[in-house]
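Enquirer: The file below is final_21.txt, compact mmCIF, C-alpha atoms and all ligand atoms:
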```txt
# COMPACT_ATOMS: atom_id res chain seq x y z
CA MET A 989 70.60 56.00 210.72
CA LYS A 990 74.05 57.61 211.14
CA LYS A 991 74.55 57.43 207.39
CA LEU A 992 71.22 59.13 206.79
CA LEU A 993 72.13 61.95 209.20
CA LEU A 994 75.50 62.34 207.48
CA LEU A 995 73.82 62.49 204.07
CA ILE A 996 71.36 65.15 205.30
CA SER A 997 74.21 67.21 206.82
CA VAL A 998 76.27 67.05 203.61
CA THR A 999 73.22 67.98 201.51
CA LEU A 1000 72.40 70.95 203.78
CA PHE A 1001 76.04 72.07 203.65
CA PHE A 1002 75.99 72.15 199.83
CA ILE A 1003 72.66 73.99 199.72
CA ALA A 1004 74.03 76.59 202.17
CA SER A 1005 77.22 77.00 200.10
CA CYS A 1006 75.27 77.51 196.89
CA THR A 1007 73.03 80.11 198.53
CA PHE A 1008 76.09 81.97 199.80
CA GLU A 1009 77.81 81.94 196.39
CA LYS A 1010 74.76 83.49 194.78
CA ARG A 1011 74.96 86.58 197.00
CA GLU A 1012 75.82 89.65 194.97
CA VAL A 1013 78.93 91.54 196.07
CA LEU A 1014 78.32 95.22 195.42
CA PRO A 1015 81.15 97.76 195.24
CA PRO A 1016 81.22 100.25 198.11
CA GLU A 1017 78.91 103.16 197.41
CA PHE A 1018 80.69 106.35 196.36
CA LYS A 1019 79.32 109.49 198.00
CA CYS A 1020 80.12 113.15 197.44
CA ASP A 1021 79.84 115.22 200.59
CA SER A 1022 79.62 118.57 198.83
CA THR A 1023 79.43 120.31 195.47
CA VAL A 1024 82.68 120.30 193.53
CA HIS A 1025 83.25 123.40 191.40
CA PHE A 1026 84.91 123.48 188.01
CA HIS A 1027 86.57 126.72 189.05
CA PRO A 1028 88.84 126.77 190.99
CA THR A 1029 88.96 123.03 191.80
CA ILE A 1030 88.84 120.95 188.60
CA ASP A 1031 90.57 123.47 186.33
CA SER A 1032 93.50 123.74 188.75
CA ILE A 1033 93.91 119.93 188.95
CA ILE A 1034 94.17 119.83 185.15
CA ILE A 1035 96.50 122.84 184.94
CA LYS A 1036 98.74 121.45 187.71
CA ASN A 1037 99.02 118.03 186.08
CA CYS A 1038 99.52 119.32 182.56
CA SER A 1039 101.81 122.25 183.26
CA THR A 1040 105.00 120.18 183.30
CA VAL A 1041 104.24 118.61 179.92
CA PRO A 1042 104.36 120.97 176.93
CA GLY A 1043 101.37 120.44 174.63
CA CYS A 1044 99.41 118.36 177.15
CA HIS A 1045 95.69 118.54 176.33
CA VAL A 1046 95.92 121.79 174.42
CA HIS A 1047 94.94 122.30 170.80
CA GLY A 1048 97.42 120.42 168.59
CA GLY A 1049 99.09 118.89 171.66
CA SER A 1050 99.81 115.33 172.75
CA GLY A 1051 96.66 114.53 174.77
CA THR A 1052 93.39 113.83 172.97
CA GLY A 1053 91.10 116.81 173.56
CA ASP A 1054 91.91 120.43 174.33
CA PHE A 1055 91.03 120.70 178.00
CA THR A 1056 91.78 124.42 178.10
CA ASN A 1057 88.50 124.55 176.16
CA PHE A 1058 85.76 123.89 178.76
CA SER A 1059 83.31 122.31 176.34
CA GLU A 1060 85.85 119.64 175.28
CA LEU A 1061 86.46 118.67 178.90
CA GLN A 1062 82.70 118.67 179.52
CA THR A 1063 82.24 116.31 176.57
CA ALA A 1064 84.82 113.93 178.11
CA ALA A 1065 82.95 114.22 181.44
CA THR A 1066 79.56 113.39 179.96
CA ASN A 1067 80.60 110.69 177.46
CA GLY A 1068 82.45 108.59 180.07
CA THR A 1069 86.05 109.03 178.88
CA LEU A 1070 87.08 111.26 181.79
CA MET A 1071 85.64 108.78 184.32
CA ASN A 1072 87.31 105.89 182.53
CA GLN A 1073 90.76 107.45 182.12
CA VAL A 1074 91.07 109.16 185.51
CA VAL A 1075 88.83 107.32 187.99
CA THR A 1076 88.48 103.75 186.72
CA THR A 1077 91.74 102.90 184.92
CA LYS A 1078 93.85 105.78 186.33
CA LEU A 1079 95.70 105.95 182.97
CA MET A 1080 95.60 109.74 183.25
CA PRO A 1081 97.47 111.89 183.97
CA GLN A 1082 100.31 110.31 182.01
CA GLY A 1083 103.58 110.28 183.93
CA ALA A 1084 101.99 111.44 187.20
CA THR A 1085 99.68 110.11 189.91
CA LEU A 1086 96.71 112.05 191.22
CA SER A 1087 96.02 111.94 194.95
CA GLN A 1088 92.90 109.94 195.90
CA ALA A 1089 91.38 113.25 197.06
CA ASP A 1090 91.82 114.77 193.58
CA ILE A 1091 90.46 111.61 191.91
CA ASP A 1092 87.41 111.85 194.20
CA ARG A 1093 86.96 115.55 193.31
CA ILE A 1094 86.95 114.70 189.60
CA HIS A 1095 84.63 111.74 190.26
CA CYS A 1096 82.18 114.01 192.13
CA TRP A 1097 82.35 116.76 189.53
CA ILE A 1098 81.49 114.21 186.80
CA ILE A 1099 78.52 112.66 188.63
CA GLN A 1100 77.28 116.11 189.59
CA GLY A 1101 76.90 116.79 185.87
CA GLY A 1102 80.27 118.20 184.75
CA LEU A 1103 78.98 121.75 185.17
CA ASP A 1104 80.69 125.06 184.40
CA ASN A 1105 80.23 126.07 188.03
C1 LIG B 1201 94.65 115.76 185.24
C2 LIG B 1201 95.25 115.73 184.06
C3 LIG B 1201 94.71 114.90 182.90
C4 LIG B 1201 93.44 114.51 182.62
C5 LIG B 1201 92.16 114.81 183.40
C6 LIG B 1201 93.47 113.75 181.39
C7 LIG B 1201 92.37 113.17 180.78
C8 LIG B 1201 92.41 112.44 179.60
C9 LIG B 1201 91.26 111.84 178.95
C10 LIG B 1201 89.83 111.93 179.44
C11 LIG B 1201 91.71 111.24 177.83
C12 LIG B 1201 90.85 110.47 176.82
C13 LIG B 1201 90.41 111.44 175.74
C14 LIG B 1201 89.54 110.79 174.69
O1 LIG B 1201 89.71 109.61 174.39
O2 LIG B 1201 88.68 111.49 174.15
C15 LIG B 1201 93.13 111.44 177.75
C16 LIG B 1201 93.93 110.95 176.74
C17 LIG B 1201 95.27 111.26 176.60
N1 LIG B 1201 96.03 112.04 177.46
FE1 LIG B 1201 95.41 112.84 179.20
N2 LIG B 1201 94.78 113.69 180.95
C18 LIG B 1201 95.56 114.37 181.84
C19 LIG B 1201 96.92 114.55 181.78
C20 LIG B 1201 97.73 114.16 180.73
C21 LIG B 1201 99.16 114.36 180.63
C22 LIG B 1201 100.02 115.00 181.73
C23 LIG B 1201 99.54 113.90 179.40
C24 LIG B 1201 100.87 113.91 178.74
C25 LIG B 1201 101.97 113.55 179.32
C26 LIG B 1201 98.39 113.36 178.75
C27 LIG B 1201 98.37 112.78 177.52
C28 LIG B 1201 97.32 112.10 176.97
C29 LIG B 1201 97.39 111.34 175.72
C30 LIG B 1201 98.62 111.13 174.86
C31 LIG B 1201 96.10 110.81 175.51
C32 LIG B 1201 95.66 109.92 174.38
C33 LIG B 1201 95.84 108.52 174.89
C34 LIG B 1201 95.23 107.50 174.01
O3 LIG B 1201 94.39 107.84 173.17
O4 LIG B 1201 95.59 106.35 174.19
N3 LIG B 1201 97.30 113.53 179.59
N4 LIG B 1201 93.52 112.17 178.85
```
Please re-express this file's structure in C-alpha cells.
Ligand code: HEM
Expert:
Amino acid sequence: MKKLLLLISVTLFFIASCTFEKREVLPPEFKCDSTVHFHPTIDSIIIKNCSTVPGCHVHGGSGTGDFTNFSELQTAATNGTLMNQVVTTKLMPQGATLSQADIDRIHCWIIQGGLDN
C-alpha cells in the first residue's frame, strides 16, 4: 500500500512538473505613455550621438543610411533595422551607449509608426 502511494505521488509530481514547464514565459509588455515626436526628440538623439563622429550616417559617411534625410531614417524604422540595431541588439550608436530613456523614446517612435511629427 505504501509503495502504491509513493508511486502515485511520484507520478503526480512528474505530471505537475511537465505542466509547469509547458507554461509560456512572455516578455514584459512594453508600453508608451505618450506620443514621441520626431522633432525635437528623435532627431536630437541622432544628432547628439552622431555629432562626435565625422561622417556618421550622412551621405557618403561611415554609417549605412543618411539619417539627416528623414525618409531614410523612416525606412529603417519601418523595415525593422532601427529596432534591431538600437533597441534589440544595442549595436548602435557605435562607440556610445544610449540611456534607457532614449532607447525607449526610439522604441515608442518606431511602434507609433515612425512619423514625421
Ligand atoms: C543614435 C545614433 C545612431 C542610430 C540611431 C544608428 C542606427 C543605425 C542603423 C539602423 C543601422 C543599420 C542600417 C541598415 O542596415 O540599413 C546602422 C548601421 C551602421 N551605423 Fe549607426 N546609428 C547611430 C550611430 C552611429 C555612430 C555614432 C556610428 C559611427 C561611429 C555609426 C556607424 C554605423 C555603421 C558603420 C553602420 C553599418 C554597420 C554594419 O552594416 O554592420 N552609427 N546604424
Enquirer: Would you give the centre and edge lengths, in Å to one decimal, of a box along x, y and z around the listed atoms of ligand LIG 1201 (chain B), with 3 Å added to each side, as JSON?
Expert:
```
{"center_x": 95.3, "center_y": 111.1, "center_z": 179.2, "size_x": 19.3, "size_y": 15.4, "size_z": 18.1}
```
Enquirer: Expressed in Å to a single decimal, how great is the separation between CA of Ile1033 in chain A and atom C1 of ligand LIG 1201 (chain B)?
Expert: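 Between CA of Ile1033 in chain A and atom C1 of ligand LIG 1201 (chain B) the gap works out to 5.6 Å.
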Enquirer: Just give me the gap between atom C9 of ligand LIG 1201 (chain B) and CA of Gly1048 in chain A in Å, one decimal is fine.
Expert: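 For atom C9 of ligand LIG 1201 (chain B) relative to CA of Gly1048 in chain A, the distance reads 14.8 Å.
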Enquirer: Go ahead and compute the interatomic distance for CA of Asp1092 in chain A and atom C31 of ligand LIG 1201 (chain B), in Å to one decimal.
Expert: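 Interatomic distance here is 20.6 Å.
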Enquirer: List every residue of chain A that has an atom at most 9 Å from any atom of ligand LIG 1201 (chain B), and for each one report the closest atom pair and its distance in Å to one decimal, counting all atoms listed in the file, with rows sorted by chain and then by increasing residue number, as a Markdown table.
Expert:
```
| residue | atom | partner | partner_atom | distance |
| --- | --- | --- | --- | --- |
| A:Ile1030 | CA | B:LIG1201 | C1 | 8.5 |
| A:Asp1031 | CA | B:LIG1201 | C1 | 8.8 |
| A:Ser1032 | CA | B:LIG1201 | C1 | 8.8 |
| A:Ile1033 | CA | B:LIG1201 | C1 | 5.6 |
| A:Ile1034 | CA | B:LIG1201 | C1 | 4.1 |
| A:Ile1035 | CA | B:LIG1201 | C2 | 7.3 |
| A:Lys1036 | CA | B:LIG1201 | C1 | 7.4 |
| A:Asn1037 | CA | B:LIG1201 | C2 | 4.9 |
| A:Cys1038 | CA | B:LIG1201 | C22 | 4.4 |
| A:Ser1039 | CA | B:LIG1201 | C22 | 7.6 |
| A:Thr1040 | CA | B:LIG1201 | C22 | 7.4 |
| A:Val1041 | CA | B:LIG1201 | C25 | 5.6 |
| A:Pro1042 | CA | B:LIG1201 | C24 | 8.1 |
| A:Gly1043 | CA | B:LIG1201 | C24 | 7.7 |
| A:Cys1044 | CA | B:LIG1201 | C24 | 4.9 |
| A:His1045 | CA | B:LIG1201 | N3 | 6.2 |
| A:Gly1049 | CA | B:LIG1201 | C30 | 8.4 |
| A:Ser1050 | CA | B:LIG1201 | C30 | 4.8 |
| A:Gly1051 | CA | B:LIG1201 | C28 | 3.3 |
| A:Thr1052 | CA | B:LIG1201 | C13 | 4.7 |
| A:Gly1053 | CA | B:LIG1201 | C13 | 5.8 |
| A:Phe1055 | CA | B:LIG1201 | C5 | 8.1 |
| A:Glu1060 | CA | B:LIG1201 | O2 | 8.7 |
| A:Leu1061 | CA | B:LIG1201 | C10 | 7.6 |
| A:Thr1063 | CA | B:LIG1201 | O2 | 8.4 |
| A:Ala1064 | CA | B:LIG1201 | C10 | 5.6 |
| A:Ala1065 | CA | B:LIG1201 | C10 | 7.5 |
| A:Asn1067 | CA | B:LIG1201 | O2 | 8.8 |
| A:Gly1068 | CA | B:LIG1201 | C10 | 8.1 |
| A:Thr1069 | CA | B:LIG1201 | C10 | 4.8 |
| A:Leu1070 | CA | B:LIG1201 | C10 | 3.7 |
| A:Met1071 | CA | B:LIG1201 | C10 | 7.2 |
| A:Asn1072 | CA | B:LIG1201 | C10 | 7.2 |
| A:Gln1073 | CA | B:LIG1201 | C10 | 5.3 |
| A:Val1074 | CA | B:LIG1201 | C5 | 6.1 |
| A:Leu1079 | CA | B:LIG1201 | N4 | 7.8 |
| A:Met1080 | CA | B:LIG1201 | N2 | 4.6 |
| A:Pro1081 | CA | B:LIG1201 | C19 | 3.5 |
| A:Gln1082 | CA | B:LIG1201 | C21 | 4.4 |
| A:Gly1083 | CA | B:LIG1201 | C25 | 5.9 |
| A:Ala1084 | CA | B:LIG1201 | C22 | 6.8 |
| A:Thr1085 | CA | B:LIG1201 | C1 | 8.9 |
| A:Leu1086 | CA | B:LIG1201 | C1 | 7.3 |
| A:Asp1090 | CA | B:LIG1201 | C1 | 8.9 |
| A:Ile1091 | CA | B:LIG1201 | C1 | 8.9 |
| A:Ile1094 | CA | B:LIG1201 | C5 | 8.1 |
```
Enquirer: Identify which of the residues A:Asp1054, A:Gln1062, A:Asp1021, A:Val1013 lies closest to Asn1105 in chain A, counting all atoms listed in the file when measuring atom-to-atom distances.
Expert: A:Gln1062
Enquirer: Give the answer as one residue: which of A:Ser1059, A:Thr1066, A:Thr1076, A:Ser1022 has the shortest atom-to-atom distance to Ile1098 in chain A, using only C-alpha atoms?
Expert: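 Going through A:Ser1059, A:Thr1066, A:Thr1076, A:Ser1022 one by one, the smallest distance to Ile1098 in chain A is for A:Thr1066.
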Enquirer: Taking all atoms listed in the file into account, name the residue in A:Leu1014, A:Val1024, A:Ala1089, A:Val1046 that is nearest to Gly1102 in chain A.
Expert: A:Val1024
Enquirer: Tell me which of A:Phe1058, A:Lys991, A:Glu1017, A:Thr1077 sits closest to Asp1104 in chain A, counting all atoms listed in the file.
Expert: A:Phe1058
